[in-house]
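Notes follow the structure.
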Amino acid sequence: MREPHSNTIIFTDLDGTLLDHDSYCFDAAVPQLRKLEELGVPVIPVSSKTDAEIGQLRSALGLKTPYIVENGAAVFMPEAWLERASAVSASDLSATEVVQNDLAHRSGCYLKEFSRSRADWRRILAKELSEFSHCFQSFTELGVQGIVQSTGLSLEHARQANQRDYSEPLLWQGTPEQKHLFSEAVSALGFTLLEGGRFLHLTDGYDKGLALRWLLDFYQTYIFGNACHSVALGDSQNDVAMLEVAEKALLVRSPVHDWPQLQRTASVYQSHSCGPQGWSELITQHVIPYLKQG
Ligand SMILES: [Mg+2]
C-alpha cells in the first residue's frame, strides 16, 4: 500500500463537485480517481451527506479512506483503513493508541465528533427559532417523500440522507429578507448558518475547514510523520471554510449558483466545466503535475 508514502491529501466536496448536481453521476472523474489511487494520494470525501450516504458512495467510488460527514460535524476513520495505514506508517507515534483512547467508536469506525446531536438541533429550532418555523421545512418535516421531491434522490438514497446523526437541514421557503433575519437570529444564539447547494445548515462552530485541519494534522502526525500538501475542491458556500485552509483551493463551476466567495486569492483555481468534468479538469491541471510519478 502506497498511501502513507504520498505527500498530498485531497479533500473533496461531493454534491456538485465530484458528483453532478442533477444526476449525482461521477463517471467523468473515475480516470483521475484511479490515477490518484495509483499514485498513493488519499481522496477524502468532505460532504453535507450522512455516514449512510457516503458509505455507499465510497464503495462505488472505490475509496477506503477516512471521510467527513454532515458539513464537518464528524470525521469517520474506518478501522480497516487505520490498521493498513498504521502498518506502513512513517511516524514514530502510534495512531491506534490515540484513537482508542480519545475517539468514539461505532460500527467499524473511530469518530472524531465536533457537533451536538440532531435531536439537540431539533430542540433549538423548535424553542429558540420558532418565529421562523413558517419560513422553512426541516428534513424531519419533509419526511422521506419530501426529501425525494426536493432533491431528486431515489427513495433509498433519501432514506440514507435522512439517517442523520448531527444535523437538521432546512429547505428555505421564506424571502431573502427573512433569511437575513434568520441568519442574524442564528448568530445571536452563537451558531452559524451554512448555505449548501439546496439546504441551509446550522452548526455550532464546526465546519468543513475545522474537520479538514483535524484530519490533516492526524495524517501528518500519525501516518506521514511530516508535513504534507493539502488540496480542497468545492463548489458552494459551505465549502468556503475548507477552501480557505487547504494549500490549494480548487473551485468547481456550478450550473445553479455563483462561485463561493473566498478571502484568499493565492493558489485559487476555477474549473471551466461543471461537476465531475470540472473536478477532473482541476485535478489534471493543478494536482497530477505536482505529484511524484511512478
Ligand atoms: Mg457541493
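Residues are referred to by chain and number: the chain letter is A, B, ... according to the order shown in the C-alpha cells, the number counts from 1 in that chain, and ligands are numbered separately from 1 in the order shown.
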
Non-local contacts of Ala241 (chain A) (8 Å; only C-alpha atoms; under 6 positions in same chain excluded) as number ranges by chain | A: 207-210

Go through region 25-177 of chain A and collect every residue that DSSP, computed from the backbone, puts in alpha helix (DSSP H); the answer should be as a ChimeraX atom specification.
-> /A:30-38,51-61,79-87,95-102,118-127,139-151,155-161,176-177

Tell me which protein, DNA and RNA residues are within 12 Å of Ala85 (chain A), counting only C-alpha atoms, leaving out same-chain ones fewer than 2 positions away, and put them as JSON, numbers by chain.
-> {"A": [1, 2, 3, 4, 5, 6, 40, 42, 64, 65, 66, 77, 78, 79, 80, 81, 82, 83, 87, 88, 89, 90, 91, 94, 95, 96, 218, 219, 222, 223, 224, 225]}

Would you export the selected residues with C-alpha atoms as a tab-separated table (two decimals), in the first residue's frame, please?
chain	number	residue	atom	x	y	z
A	1	MET	CA	0.00	0.00	0.00
A	2	ARG	CA	1.44	3.37	-1.05
A	3	GLU	CA	-0.97	5.80	0.60
A	4	PRO	CA	1.21	6.78	3.61
A	5	HIS	CA	4.20	7.49	1.37
A	6	SER	CA	2.36	10.11	-0.60
A	40	GLY	CA	-0.99	6.81	-3.48
A	42	PRO	CA	-5.70	9.83	-0.37
A	64	LYS	CA	-11.18	3.25	1.51
A	65	THR	CA	-10.01	6.47	3.16
A	66	PRO	CA	-11.48	8.37	6.14
A	77	MET	CA	-11.96	6.71	10.34
A	78	PRO	CA	-12.67	3.13	9.27
A	79	GLU	CA	-10.85	0.57	11.46
A	80	ALA	CA	-9.67	-1.33	8.38
A	81	TRP	CA	-8.07	1.85	6.95
A	82	LEU	CA	-6.40	2.66	10.27
A	83	GLU	CA	-4.97	-0.83	10.52
A	87	ALA	CA	1.12	-0.91	9.45
A	88	VAL	CA	3.07	1.18	6.93
A	89	SER	CA	3.10	4.47	8.86
A	90	ALA	CA	6.22	6.62	8.56
A	91	SER	CA	5.54	8.12	12.02
A	94	SER	CA	1.04	5.13	17.30
A	95	ALA	CA	-2.26	6.23	15.79
A	96	THR	CA	-4.11	3.21	17.14
A	218	PHE	CA	-3.81	13.39	12.18
A	219	TYR	CA	-2.32	12.27	8.84
A	222	TYR	CA	0.47	9.63	12.84
A	223	ILE	CA	0.63	8.47	9.21
A	224	PHE	CA	3.11	10.55	7.20
A	225	GLY	CA	5.26	11.61	10.13

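For the set A:His134, A:Arg58, A:Lys35, A:Arg213, the residue with the smallest atom-to-atom gap to Gly174 (chain A) is A:His134, counting only C-alpha atoms.
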
Produce a table with one row for each residue of chain A that has an atom at most 7 Å from any atom of ligand 1, each row naming the nearest atom pair and its distance in Å at one decimal; use only C-alpha atoms and all ligand atoms; arrange rows by chain and rising residue number; format as a Markdown table.
| residue | atom | partner | partner_atom_place_in_ligand_line | distance |
| --- | --- | --- | --- | --- |
| A:Asp13 | CA | ligand 1 | 1 (Mg) | 5.6 |
| A:Leu14 | CA | ligand 1 | 1 (Mg) | 5.8 |
| A:Asp15 | CA | ligand 1 | 1 (Mg) | 4.2 |
| A:Gly16 | CA | ligand 1 | 1 (Mg) | 4.5 |
| A:Thr17 | CA | ligand 1 | 1 (Mg) | 5.5 |
| A:Gly196 | CA | ligand 1 | 1 (Mg) | 6.5 |
| A:Gly197 | CA | ligand 1 | 1 (Mg) | 5.8 |
| A:Gly234 | CA | ligand 1 | 1 (Mg) | 5.9 |
| A:Asp235 | CA | ligand 1 | 1 (Mg) | 5.0 |
| A:Ser236 | CA | ligand 1 | 1 (Mg) | 5.2 |

Could those residues be written to a file, using N, CA, C and O atoms, as a compact mmCIF listing (two decimals), in the first residue's frame?
# COMPACT_ATOMS: atom_id res chain seq x y z
N ASP A 13 -15.45 17.99 -1.72
CA ASP A 13 -16.89 18.03 -1.58
C ASP A 13 -17.47 16.99 -2.56
O ASP A 13 -16.79 16.58 -3.51
N LEU A 14 -18.71 16.57 -2.33
CA LEU A 14 -19.33 15.58 -3.23
C LEU A 14 -20.35 16.25 -4.17
O LEU A 14 -20.06 16.46 -5.33
N ASP A 15 -21.52 16.64 -3.63
CA ASP A 15 -22.59 17.19 -4.48
C ASP A 15 -22.15 18.41 -5.27
O ASP A 15 -21.71 19.40 -4.68
N GLY A 16 -22.27 18.34 -6.58
CA GLY A 16 -21.93 19.49 -7.43
C GLY A 16 -20.43 19.63 -7.66
O GLY A 16 -20.00 20.51 -8.40
N THR A 17 -19.64 18.80 -6.99
CA THR A 17 -18.18 18.87 -7.14
C THR A 17 -17.65 17.58 -7.75
O THR A 17 -17.31 17.54 -8.93
N GLY A 196 -25.74 25.36 1.68
CA GLY A 196 -25.27 24.35 0.74
C GLY A 196 -25.94 24.56 -0.61
O GLY A 196 -26.54 25.61 -0.86
N GLY A 197 -25.85 23.59 -1.49
CA GLY A 197 -26.45 23.71 -2.82
C GLY A 197 -27.96 23.84 -2.75
O GLY A 197 -28.56 24.60 -3.49
N GLY A 234 -14.31 22.29 -4.05
CA GLY A 234 -15.69 22.52 -3.67
C GLY A 234 -16.39 23.45 -4.65
O GLY A 234 -15.74 24.08 -5.49
N ASP A 235 -17.72 23.55 -4.51
CA ASP A 235 -18.49 24.39 -5.44
C ASP A 235 -19.39 25.39 -4.75
O ASP A 235 -19.98 26.25 -5.41
N SER A 236 -19.55 25.29 -3.39
CA SER A 236 -20.58 26.09 -2.72
C SER A 236 -20.03 26.87 -1.54
O SER A 236 -18.91 26.65 -1.11

Show which residues sit within 10 Å of Glu156 (chain A), as an mmCIF file with N, CA and C atoms, in the first residue's frame. Count only C-alpha atoms, and ignore same-chain residues fewer than 6 positions away.
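The resulting around38.cif:
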data_model
loop_
_atom_site.group_PDB
_atom_site.id
_atom_site.type_symbol
_atom_site.label_atom_id
_atom_site.label_comp_id
_atom_site.auth_asym_id
_atom_site.auth_seq_id
_atom_site.Cartn_x
_atom_site.Cartn_y
_atom_site.Cartn_z
ATOM 1 N N GLU A 53 -25.042 7.721 3.500
ATOM 2 C CA GLU A 53 -24.908 8.095 2.085
ATOM 3 C C GLU A 53 -23.459 7.960 1.606
ATOM 4 N N VAL A 144 -39.257 11.432 4.196
ATOM 5 C CA VAL A 144 -38.510 10.825 3.088
ATOM 6 C C VAL A 144 -39.102 11.233 1.734
ATOM 7 N N VAL A 148 -37.267 13.290 -1.301
ATOM 8 C CA VAL A 148 -37.237 12.816 -2.697
ATOM 9 C C VAL A 148 -37.624 13.965 -3.628
ATOM 10 N N ASN A 162 -31.688 10.928 5.236
ATOM 11 C CA ASN A 162 -32.427 11.260 6.465
ATOM 12 C C ASN A 162 -31.852 10.564 7.704
#

Using DSSP on the backbone coordinates, identify the residues of region 154-261 of chain A assigned to strand (DSSP E or B); present them as a PyMOL selection string.
-> chain A and resi 170-172+192-195+200-203+229-234+248-253

Dump of N, CA, C and O atoms for the selected residues, as a PDB file, in the first residue's frame:
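Output below, filename out.pdb:
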ATOM      1  N   LEU A 170     -32.379  22.448   6.422  1.00  0.00           N
ATOM      2  CA  LEU A 170     -33.621  23.200   6.260  1.00  0.00           C
ATOM      3  C   LEU A 170     -33.795  23.614   4.813  1.00  0.00           C
ATOM      4  O   LEU A 170     -32.874  24.161   4.203  1.00  0.00           O
ATOM      5  N   LEU A 171     -34.989  23.361   4.269  1.00  0.00           N
ATOM      6  CA  LEU A 171     -35.326  23.821   2.917  1.00  0.00           C
ATOM      7  C   LEU A 171     -35.980  25.185   3.084  1.00  0.00           C
ATOM      8  O   LEU A 171     -37.072  25.293   3.644  1.00  0.00           O
ATOM      9  N   TRP A 172     -35.297  26.224   2.617  1.00  0.00           N
ATOM     10  CA  TRP A 172     -35.781  27.587   2.855  1.00  0.00           C
ATOM     11  C   TRP A 172     -36.960  27.913   1.958  1.00  0.00           C
ATOM     12  O   TRP A 172     -36.930  27.656   0.750  1.00  0.00           O
ATOM     13  N   THR A 192     -23.839  29.171  13.622  1.00  0.00           N
ATOM     14  CA  THR A 192     -23.531  29.655  12.280  1.00  0.00           C
ATOM     15  C   THR A 192     -24.510  29.038  11.288  1.00  0.00           C
ATOM     16  O   THR A 192     -24.889  27.875  11.437  1.00  0.00           O
ATOM     17  N   LEU A 193     -24.907  29.834  10.288  1.00  0.00           N
ATOM     18  CA  LEU A 193     -25.778  29.313   9.238  1.00  0.00           C
ATOM     19  C   LEU A 193     -24.943  29.070   7.987  1.00  0.00           C
ATOM     20  O   LEU A 193     -24.272  29.974   7.505  1.00  0.00           O
ATOM     21  N   LEU A 194     -24.963  27.827   7.504  1.00  0.00           N
ATOM     22  CA  LEU A 194     -24.208  27.478   6.293  1.00  0.00           C
ATOM     23  C   LEU A 194     -25.187  27.249   5.162  1.00  0.00           C
ATOM     24  O   LEU A 194     -26.243  26.644   5.356  1.00  0.00           O
ATOM     25  N   GLU A 195     -24.823  27.700   3.968  1.00  0.00           N
ATOM     26  CA  GLU A 195     -25.697  27.504   2.817  1.00  0.00           C
ATOM     27  C   GLU A 195     -25.086  26.496   1.859  1.00  0.00           C
ATOM     28  O   GLU A 195     -24.012  26.731   1.314  1.00  0.00           O
ATOM     29  N   LEU A 200     -30.145  24.789   3.932  1.00  0.00           N
ATOM     30  CA  LEU A 200     -29.421  25.560   4.949  1.00  0.00           C
ATOM     31  C   LEU A 200     -29.080  24.610   6.089  1.00  0.00           C
ATOM     32  O   LEU A 200     -29.829  23.675   6.381  1.00  0.00           O
ATOM     33  N   HIS A 201     -27.940  24.882   6.737  1.00  0.00           N
ATOM     34  CA  HIS A 201     -27.495  24.022   7.830  1.00  0.00           C
ATOM     35  C   HIS A 201     -27.059  24.899   8.997  1.00  0.00           C
ATOM     36  O   HIS A 201     -26.356  25.886   8.801  1.00  0.00           O
ATOM     37  N   LEU A 202     -27.470  24.530  10.216  1.00  0.00           N
ATOM     38  CA  LEU A 202     -26.998  25.213  11.418  1.00  0.00           C
ATOM     39  C   LEU A 202     -25.808  24.453  11.987  1.00  0.00           C
ATOM     40  O   LEU A 202     -25.834  23.215  12.034  1.00  0.00           O
ATOM     41  N   THR A 203     -24.771  25.180  12.408  1.00  0.00           N
ATOM     42  CA  THR A 203     -23.648  24.497  13.061  1.00  0.00           C
ATOM     43  C   THR A 203     -23.282  25.266  14.326  1.00  0.00           C
ATOM     44  O   THR A 203     -23.626  26.447  14.451  1.00  0.00           O
ATOM     45  N   HIS A 229       1.129  18.233   1.677  1.00  0.00           N
ATOM     46  CA  HIS A 229       0.365  19.220   0.920  1.00  0.00           C
ATOM     47  C   HIS A 229      -1.123  18.899   1.007  1.00  0.00           C
ATOM     48  O   HIS A 229      -1.506  17.732   1.019  1.00  0.00           O
ATOM     49  N   SER A 230      -1.950  19.946   1.033  1.00  0.00           N
ATOM     50  CA  SER A 230      -3.398  19.710   1.070  1.00  0.00           C
ATOM     51  C   SER A 230      -4.076  20.472  -0.057  1.00  0.00           C
ATOM     52  O   SER A 230      -3.709  21.605  -0.379  1.00  0.00           O
ATOM     53  N   VAL A 231      -5.060  19.810  -0.659  1.00  0.00           N
ATOM     54  CA  VAL A 231      -5.822  20.398  -1.757  1.00  0.00           C
ATOM     55  C   VAL A 231      -7.292  20.235  -1.408  1.00  0.00           C
ATOM     56  O   VAL A 231      -7.707  19.162  -0.959  1.00  0.00           O
ATOM     57  N   ALA A 232      -8.091  21.307  -1.573  1.00  0.00           N
ATOM     58  CA  ALA A 232      -9.535  21.179  -1.333  1.00  0.00           C
ATOM     59  C   ALA A 232     -10.295  21.519  -2.604  1.00  0.00           C
ATOM     60  O   ALA A 232      -9.924  22.446  -3.331  1.00  0.00           O
ATOM     61  N   LEU A 233     -11.353  20.755  -2.876  1.00  0.00           N
ATOM     62  CA  LEU A 233     -12.219  21.024  -4.031  1.00  0.00           C
ATOM     63  C   LEU A 233     -13.655  21.214  -3.569  1.00  0.00           C
ATOM     64  O   LEU A 233     -14.161  20.405  -2.782  1.00  0.00           O
ATOM     65  N   GLY A 234     -14.310  22.291  -4.046  1.00  0.00           N
ATOM     66  CA  GLY A 234     -15.695  22.524  -3.675  1.00  0.00           C
ATOM     67  C   GLY A 234     -16.386  23.455  -4.649  1.00  0.00           C
ATOM     68  O   GLY A 234     -15.736  24.081  -5.488  1.00  0.00           O
ATOM     69  N   LYS A 248      -4.079  24.481  -1.587  1.00  0.00           N
ATOM     70  CA  LYS A 248      -4.654  24.884  -2.872  1.00  0.00           C
ATOM     71  C   LYS A 248      -6.173  24.821  -2.776  1.00  0.00           C
ATOM     72  O   LYS A 248      -6.713  23.849  -2.242  1.00  0.00           O
ATOM     73  N   ALA A 249      -6.856  25.833  -3.328  1.00  0.00           N
ATOM     74  CA  ALA A 249      -8.325  25.829  -3.364  1.00  0.00           C
ATOM     75  C   ALA A 249      -8.769  25.668  -4.810  1.00  0.00           C
ATOM     76  O   ALA A 249      -8.490  26.525  -5.651  1.00  0.00           O
ATOM     77  N   LEU A 250      -9.421  24.546  -5.100  1.00  0.00           N
ATOM     78  CA  LEU A 250      -9.878  24.283  -6.465  1.00  0.00           C
ATOM     79  C   LEU A 250     -11.397  24.406  -6.501  1.00  0.00           C
ATOM     80  O   LEU A 250     -12.109  23.643  -5.828  1.00  0.00           O
ATOM     81  N   LEU A 251     -11.891  25.366  -7.259  1.00  0.00           N
ATOM     82  CA  LEU A 251     -13.328  25.664  -7.302  1.00  0.00           C
ATOM     83  C   LEU A 251     -13.965  25.062  -8.547  1.00  0.00           C
ATOM     84  O   LEU A 251     -13.532  25.333  -9.675  1.00  0.00           O
ATOM     85  N   VAL A 252     -14.983  24.260  -8.313  1.00  0.00           N
ATOM     86  CA  VAL A 252     -15.693  23.616  -9.424  1.00  0.00           C
ATOM     87  C   VAL A 252     -16.919  24.460  -9.775  1.00  0.00           C
ATOM     88  O   VAL A 252     -17.719  24.808  -8.897  1.00  0.00           O
ATOM     89  N   ARG A 253     -17.030  24.794 -11.047  1.00  0.00           N
ATOM     90  CA  ARG A 253     -18.149  25.623 -11.524  1.00  0.00           C
ATOM     91  C   ARG A 253     -19.489  24.940 -11.242  1.00  0.00           C
ATOM     92  O   ARG A 253     -19.603  23.720 -11.377  1.00  0.00           O
TER      93      ARG A 253
END

Rank nothing, just name the residue among A:Gln100, A:Gln32, A:Gln261, A:Thr221 nearest to Gln285 (chain A), using only C-alpha atoms.
-> A:Gln32

Contacts of Trp279 (chain A) at 8 Å or less, counting only C-alpha atoms, minus same-chain residues fewer than 3 places along, as a compact mmCIF listing (two decimals) with N, CA and C atoms, in the first residue's frame?
# COMPACT_ATOMS: atom_id res chain seq x y z
N THR A 17 -19.64 18.80 -6.99
CA THR A 17 -18.18 18.87 -7.14
C THR A 17 -17.65 17.58 -7.75
N LEU A 18 -17.62 16.49 -6.96
CA LEU A 18 -17.24 15.20 -7.53
C LEU A 18 -18.45 14.53 -8.19
N ALA A 29 -15.09 11.57 -13.50
CA ALA A 29 -13.97 11.73 -12.57
C ALA A 29 -13.22 10.42 -12.33
N LEU A 233 -11.35 20.76 -2.88
CA LEU A 233 -12.22 21.02 -4.03
C LEU A 233 -13.66 21.21 -3.57
N VAL A 252 -14.98 24.26 -8.31
CA VAL A 252 -15.69 23.62 -9.42
C VAL A 252 -16.92 24.46 -9.77
N SER A 271 -12.64 25.89 -12.34
CA SER A 271 -12.78 25.00 -13.50
C SER A 271 -13.64 25.67 -14.57
N CYS A 274 -18.53 22.01 -15.28
CA CYS A 274 -19.23 21.81 -14.00
C CYS A 274 -19.00 20.38 -13.49
N GLY A 275 -19.27 20.19 -12.18
CA GLY A 275 -19.32 18.86 -11.58
C GLY A 275 -18.10 18.01 -11.86
N PRO A 276 -18.29 16.70 -12.09
CA PRO A 276 -17.16 15.77 -12.22
C PRO A 276 -16.21 16.10 -13.37
N LEU A 282 -9.55 20.08 -12.98
CA LEU A 282 -8.71 20.72 -11.95
C LEU A 282 -7.63 19.77 -11.44
N ILE A 283 -7.99 18.50 -11.25
CA ILE A 283 -7.01 17.50 -10.78
C ILE A 283 -5.91 17.35 -11.84

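Counting only C-alpha atoms and comparing A:Gln173, A:Thr12, A:Ser117, A:Gln163, the residue that lies closest to Phe132 (chain A) is A:Gln173.
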
Might you pull out every residue within 12 Å of Glu247 (chain A), with only C-alpha atoms counted and same-chain residues fewer than 3 positions away left off, and present them as a tab-separated table (two decimals) with N, CA and C atoms, in the first residue's frame?
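New file selection.tsv:
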chain	number	residue	atom	x	y	z
A	8	THR	N	0.63	14.27	-0.47
A	8	THR	CA	-0.50	15.16	-0.78
A	8	THR	C	-1.80	14.48	-0.35
A	9	ILE	N	-2.73	15.29	0.19
A	9	ILE	CA	-4.06	14.76	0.52
A	9	ILE	C	-5.10	15.63	-0.17
A	10	ILE	N	-6.08	14.99	-0.77
A	10	ILE	CA	-7.15	15.72	-1.45
A	10	ILE	C	-8.43	15.62	-0.63
A	11	PHE	N	-8.99	16.77	-0.31
A	11	PHE	CA	-10.25	16.85	0.42
A	11	PHE	C	-11.30	17.34	-0.56
A	209	GLY	N	-13.77	23.17	7.28
A	209	GLY	CA	-12.38	23.57	7.47
A	209	GLY	C	-11.80	23.04	8.77
A	212	LEU	N	-11.26	19.36	8.32
A	212	LEU	CA	-10.12	19.14	7.42
A	212	LEU	C	-8.81	19.29	8.21
A	213	ARG	N	-8.73	20.39	8.99
A	213	ARG	CA	-7.50	20.66	9.74
A	213	ARG	C	-7.19	19.53	10.71
A	216	LEU	N	-6.06	16.47	8.66
A	216	LEU	CA	-4.74	16.73	8.07
A	216	LEU	C	-3.66	16.58	9.14
A	227	ALA	N	5.04	17.06	7.46
A	227	ALA	CA	4.04	17.93	6.82
A	227	ALA	C	3.71	17.44	5.41
A	228	CYS	N	2.48	17.63	5.01
A	228	CYS	CA	2.13	17.25	3.64
A	228	CYS	C	1.28	18.33	2.99
A	229	HIS	N	1.13	18.23	1.68
A	229	HIS	CA	0.36	19.22	0.92
A	229	HIS	C	-1.12	18.90	1.01
A	230	SER	N	-1.95	19.95	1.03
A	230	SER	CA	-3.40	19.71	1.07
A	230	SER	C	-4.08	20.47	-0.06
A	231	VAL	N	-5.06	19.81	-0.66
A	231	VAL	CA	-5.82	20.40	-1.76
A	231	VAL	C	-7.29	20.24	-1.41
A	232	ALA	N	-8.09	21.31	-1.57
A	232	ALA	CA	-9.53	21.18	-1.33
A	232	ALA	C	-10.29	21.52	-2.60
A	233	LEU	N	-11.35	20.76	-2.88
A	233	LEU	CA	-12.22	21.02	-4.03
A	233	LEU	C	-13.66	21.21	-3.57
A	242	MET	N	-13.21	25.06	4.16
A	242	MET	CA	-12.12	24.13	3.79
A	242	MET	C	-11.30	24.68	2.63
A	243	LEU	N	-11.94	25.45	1.75
A	243	LEU	CA	-11.20	26.05	0.63
A	243	LEU	C	-10.21	27.10	1.15
A	244	GLU	N	-10.54	27.73	2.29
A	244	GLU	CA	-9.64	28.74	2.86
A	244	GLU	C	-8.42	28.10	3.54
A	250	LEU	N	-9.42	24.55	-5.10
A	250	LEU	CA	-9.88	24.28	-6.46
A	250	LEU	C	-11.40	24.41	-6.50
A	264	ARG	N	-9.12	34.50	0.40
A	264	ARG	CA	-7.79	34.30	-0.17
A	264	ARG	C	-7.82	34.53	-1.68
A	265	THR	N	-6.65	34.86	-2.23
A	265	THR	CA	-6.57	34.98	-3.68
A	265	THR	C	-5.44	34.09	-4.23
A	266	ALA	N	-4.49	33.71	-3.36
A	266	ALA	CA	-3.36	32.90	-3.82
A	266	ALA	C	-3.77	31.43	-3.95
A	267	SER	N	-3.23	30.77	-4.97
A	267	SER	CA	-3.46	29.34	-5.19
A	267	SER	C	-4.95	28.97	-5.24
A	268	VAL	N	-5.74	29.82	-5.89
A	268	VAL	CA	-7.16	29.54	-6.10
A	268	VAL	C	-7.36	29.34	-7.60
A	269	TYR	N	-7.99	28.23	-7.98
A	269	TYR	CA	-8.19	27.95	-9.40
A	269	TYR	C	-9.65	27.55	-9.64
A	286	HIS	N	-3.92	20.93	-11.84
A	286	HIS	CA	-3.34	21.54	-10.64
A	286	HIS	C	-2.88	20.54	-9.57
A	287	VAL	N	-3.10	19.25	-9.80
A	287	VAL	CA	-2.65	18.26	-8.81
A	287	VAL	C	-1.65	17.28	-9.43

In Å to one decimal, how far is CA of Pro289 (chain A) from CA of Arg34 (chain A)?
->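 Calculated distance between CA of Arg34 (chain A) and CA of Pro289 (chain A) is 15.3 Å.
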